[in-house]
Each structure stands twice: as C-alpha cells, then as structure tokens.
Amino acid sequence: MSTSTPASATAYRGGARAWVGRLAPPALVLLLACLPLLDLRLPGVLPGPTYTPGTLHLLALAMVMAALALSYHLLLGVAGLLSFGHALYFGLGAYLLGIVMSELELGLVPSVLVVLVAGVVISLLLGAVSLRVTGIPFAMVTLAFAQAGSVLVRRDPGRVTGGEEGLRLPTEQVPDALVGVADTRNLYWLALAALVLAFLLVSWVQGSRAGHVAAAVRENELRVRVLGMRPFLVKLAIFVAASVIAVGMGMVHLLLNSGAVPHIVSAELTISLLLMVVIGGVGSRWGAVAGAVLYVLLNQRLTVLAQATWVHDLPAPLRIPLSEPMFVLGTLFVLVVLFLPGGLAGTVARVRRWRGTAGPGGSTEGADRLEDVDDEQQVATAGGARR
C-alpha cells in the first residue's frame with residue numbers, strides 16, 4: 001500500500017501535466033485572438049495598450065517573423081541545412097504578390113494562388129541546384145541566389161519592383177477590410193492565423209516520414225544511404241516546404257506593411273532568422289516562435305532606447321553600444337551561444353527534466369535513459385520510413 005500510493009500520485013501528476021500541455025496552446029491562441037479587444041498594458045515591452053494600432057502592428061509583425069522563423073527551423077533544425085538565402089523566398093512572396101496584383105490586375109485570392117504556385121516551382125528549381133552540395137558550399141550557393149534576387153529588386157530592370165524606394169501595395173485589388181490603420185485589427189488576426197497555420201504545417205512536415213528521414217540524414221547521411229533511402233529527395237522536399245511557407249509569410253508581410261522594401265530580400269534578414277532560431281533553441285518549434293517574438297520586441301524597444309535623450313547624455317563607452325540595437329542583439333546572441341547552448345527551449349527543457357526525473361540525491365539517470373530511448377526511436381523510425 002505504501003509503495004502504490006506514491007506511484008499513483010506520480011501518475012496523476014503526469015496526467016495532469018499532459019492535459020495542461022494539450023490545453024495550453026489553444027488557450028494561448030484564444031488569448032492572442034482576444035488581445036485587440038482588451039486594454040492590456042506592458043510598459044517597457046509594448047508601445048501602448050493592446051487595442052491600439054501601433055501595438056497591434058508590432059505584435060502582428062512579431063507573429064509573421066515567428067512563422068518565418070518556423071520555416072527556417074525546418075531547414076536548420078530538422079534537415080540540418082544552413083541557408084544564407086532564405087529571405088529570398090520571403091521577399092519573393094511579398095514582391096511577386098504586389099506585381100501580380102498590379103500588372104495582371106487580379107484580385108487578392110487569385111494572386112495568392114498564382115504566387116504560391118510560382119513559389120513551389122522556383123524553390124523546386126533553386127533547391128535542386130543548391131542541394132547538389134552540402135555544408136558550407138550549400139550555404140554559399142543559397143547566398144548567391146539571394147544576392148542575385150536582391151540585385152534584381154534594387155536595380156529594378158523591369159520597372160516593377162520600385163527599386164530602392166520599394167513596392168507599394170496595390171490597394172485597389174485588396175479588400176477594404178485589410179487596408180488602412182483603422183483595419184490593423186484585421187491584419188493582426190490575419191497574422192495570427194498565418195502563424196497558427198505555419199505551426200501546424202511545420203509540425204505535420206516534421207512529424208511525417210520525410211521529417212523523420214530528414215532528421216536521420218542530419219545526424220548521419222551515410223547510414224541513411226546504406227538503408228537504401230534517397231536523402232536528396234527528402235532534403236528537397238523539406239527545402240520546398242520551408243520555402244513555400246516563407247513565400248506565404250512574405251505575402252502577409254506585404255499586406256501588413258502596405259508595401260515591400262529591398263531589405264526583406266537581403267542576407268541580413270536571413271542572419272536575423274538564424275539569430276531567432278538559435279536564441280529560441282535549434283530543433284524546437286516553440287523555441288523558434290519564442291526566439292522570433294523576443295528578437296522583434298527587443299529590436300523595437302532597443303531602437304526606441306537608442307533615440308532616448310538620456311542615452312545621448314551618457315559617456316561614449318556606454319552611449320555608442322546602446323545607440324546600436326544590432327550590437328546589443330549580437331552581444332545577446334554570443335551570450336546565448338556561450339551560456340545557453342540549447343537556447344530558451346533547451347534551458348526550459350533541462351530545468352523541467354531536472355525537476356521531473358532527478359531522483360534522491362539529484363540523480364538524472366532517468367533523463368539519460370529517456371534520451372537513449374529517443375535516439376533509438378529516431379533510428380527505428382528512419383528505417384521504417386523506407387519500408
């Protein structure tokens with residue numbers, strides 16, 4: 001009797017935590033959906049109450065970047081593909097949607113379908129070329145494609161991208177509910193829906209057989225080849241899926257900002273995505289979302305901080321770093337790599353594992369066994385995908 005009671009209590013707590021884990025995501029989405037209807041204030045984090053257009057625009061931008069970071073998570077966290085050109089597909093979605101609507105005079109929905117098809121075709125072609133190499137050469141090839149796209153956008157040889165001034169959203173082809181500051185609430189809900197859809201798609205891809213094989217390829221491509229599978233096709237499928245999600249987020253970004261600028265095609269944006277994923281935790285979907293939201297909010301608040309009067313009155317050794325948001329974010333990235341190698345998600349997982357599996361005397365033998373089981377299941381799943 002004395003031994004069964006603690007066991008049943010442990011099972012009850014485990015079941016309760018499982019239910020909380022299932023209910024937390026829908027509850028969080030519901031809370032986010034209600035934010036435009038609430039008067040919540042977070043001084044120092046948000047620029048104003050949650051119902052104001054400025055705050056809603058910032059939160060919507062954070063959601064778009066979180067969805068974009070999820071697509072980059074597919075490349076880096078799942079397939080182990082370090083890309084320096086992922087922003088190309090984000091910019092492709094934004095610019096191509098604006099061009100199709102203005103040049104072909106199509107409505108929003110038909111234009112979105114055209115852009116998605118174009119995104120699949122272009123990512124399939126560029127991915128087939130890029131994946132002929134691996135590692136750093138792959139990163140350099142993707143960077144070359146992105147730089148070519150950036151040059152085309154800035155030079156504007158066809159007089160359709162707007163060059164350095166950017167592309168204006170053809171509002172005459174967009175429903176009135178998605179145009180104007182007064183409709184920022186609707187754009188916020190659109191960004192939230194896009195984030196939820198991106199999370200579901202990434203979860204589906206990562207949990208599919210292709211996702212398991214891609215994870216196995218990331219760990220040991222030679223072993224996957226020995227099992228008779230074709231890593232190239234799997235990596236290409238992951239590449240196309242990530243690129244198409246990025247294209248979709250680019251279209252939402254165009255609507256949110258009523259236009260597109262050359263920065264969204266630059267390699268600098270891809271580096272920012274890498275920072276988001278690393279800060280959140282490579283390999284974690286929730287980590288990618290958290291890292292992106294933290295990055296966007298920090299970038300906005302640090303930009304405001306850099307323009308504060310009291311910062312300009314500081315001595316040069318303090319004023320210069322605080323006046324450069326990218327310097328502060330870069331320092332944060334270095335600190336995370338040095339002291340939190342698993343990012344935010346890895347740190348939370350280690351704390352939960354330590355609290356949940358440490359036995360008398362702080363033993364973590366149970367956690368080590370769980371990790372071994374996960375490794376064995378991953379290999380078995382990769383082998384089963386072939387069958």
# chains A, B, ... in the order shown; residues from 1 in each chain; ligands from 1
>>> closest_atom_pairs(of="range 51-164 of chain A", to="range 267-275 of chain A", cutoff="6 Å", atoms="only C-alpha atoms", output="tab-separated table")
residue	atom	partner	partner_atom	distance
A:Ala69	CA	A:Leu273	CA	5.7
A:Phe84	CA	A:Thr270	CA	5.8
A:His86	CA	A:Thr270	CA	5.8
A:Ala87	CA	A:Thr270	CA	5.3
>>> write_last_selection(atoms="N, CA, C and O atoms", output="CSV table (one decimal), in the first residue's frame")
chain,number,residue,atom,x,y,z
A,69,ALA,N,10.4,32.2,-38.9
A,69,ALA,CA,11.5,31.5,-38.2
A,69,ALA,C,11.1,30.0,-38.1
A,69,ALA,O,12.0,29.2,-38.2
A,84,PHE,N,21.9,30.7,-46.2
A,84,PHE,CA,22.1,32.1,-46.0
A,84,PHE,C,21.2,32.9,-47.0
A,84,PHE,O,21.4,34.1,-47.2
A,86,HIS,N,17.5,32.3,-47.2
A,86,HIS,CA,16.1,32.0,-47.0
A,86,HIS,C,15.2,33.2,-47.2
A,86,HIS,O,14.0,33.1,-47.6
A,87,ALA,N,15.8,34.4,-47.0
A,87,ALA,CA,15.0,35.7,-47.2
A,87,ALA,C,14.6,35.8,-48.6
A,87,ALA,O,13.6,36.6,-48.9
>>> residues_around(residues="range 210-220 of chain A", least_positions_apart="5", cutoff="6 Å", atoms="only C-alpha atoms", output="list in words")
Val78, Ala79, Gly80, Val205, Val234 and Ala382 of chain A
>>> write_last_selection(atoms="all heavy atoms", output="tab-separated table (two decimals), in the first residue's frame")
chain	number	residue	atom	x	y	z
A	78	VAL	N	15.49	20.76	-38.51
A	78	VAL	CA	15.04	19.43	-38.91
A	78	VAL	C	16.02	18.78	-39.88
A	78	VAL	O	16.49	17.66	-39.64
A	78	VAL	CB	13.62	19.49	-39.54
A	78	VAL	CG1	13.20	18.11	-40.04
A	78	VAL	CG2	12.62	20.02	-38.52
A	79	ALA	N	16.32	19.47	-40.98
A	79	ALA	CA	17.18	18.88	-42.01
A	79	ALA	C	18.65	19.22	-41.84
A	79	ALA	O	19.49	18.65	-42.54
A	79	ALA	CB	16.70	19.33	-43.40
A	80	GLY	N	18.99	20.13	-40.93
A	80	GLY	CA	20.39	20.49	-40.74
A	80	GLY	C	20.98	21.27	-41.90
A	80	GLY	O	22.19	21.21	-42.13
A	205	VAL	N	4.91	18.42	-41.22
A	205	VAL	CA	6.08	18.03	-42.01
A	205	VAL	C	7.12	17.36	-41.12
A	205	VAL	O	7.69	16.33	-41.47
A	205	VAL	CB	6.68	19.26	-42.73
A	205	VAL	CG1	8.01	18.89	-43.39
A	205	VAL	CG2	5.71	19.79	-43.77
A	234	VAL	N	14.50	13.77	-50.05
A	234	VAL	CA	13.93	14.18	-48.76
A	234	VAL	C	14.32	15.61	-48.43
A	234	VAL	O	13.48	16.43	-48.02
A	234	VAL	CB	14.40	13.21	-47.65
A	234	VAL	CG1	13.97	13.72	-46.28
A	234	VAL	CG2	13.84	11.82	-47.90
A	382	ALA	N	13.38	6.12	-38.92
A	382	ALA	CA	14.03	6.35	-40.21
A	382	ALA	C	14.09	5.06	-41.01
A	382	ALA	O	13.87	5.04	-42.24
A	382	ALA	CB	15.44	6.91	-40.00
>>> atom_distance(atom1="CA of Ile136 in chain A", atom2="CA of His263 in chain A")
23.6 Å
>>> closest_residue(among="A:Met249, A:Val244, A:Val151, A:Val328", to="Val196 in chain A", atoms="only C-alpha atoms")
A:Met249
>>> closest_atom_pairs(of="range 297-328 of chain A", to="range 41-65 of chain A", cutoff="12 Å", atoms="only C-alpha atoms", output="CSV")
residue,atom,partner,partner_atom,distance
A:Leu297,CA,A:Val45,CA,6.9
A:Leu298,CA,A:Val45,CA,8.2
A:Asn299,CA,A:Ala62,CA,10.5
A:Gln300,CA,A:Leu58,CA,8.3
A:Arg301,CA,A:Val45,CA,7.0
A:Leu302,CA,A:Gly44,CA,10.2
A:Thr303,CA,A:Pro47,CA,11.9
A:Val304,CA,A:Pro47,CA,9.6
A:Leu305,CA,A:Gly44,CA,9.9
>>> residues_around(residues="Val282 in chain A", least_positions_apart="5", cutoff="7 Å", atoms="only C-alpha atoms", output="PyMOL selection string")
chain A and resi 77+277+342
>>> closest_residue(among="A:Phe339, A:Met140, A:Ile99, A:Gly127", to="Arg159 in chain A", atoms="only C-alpha atoms")
A:Ile99
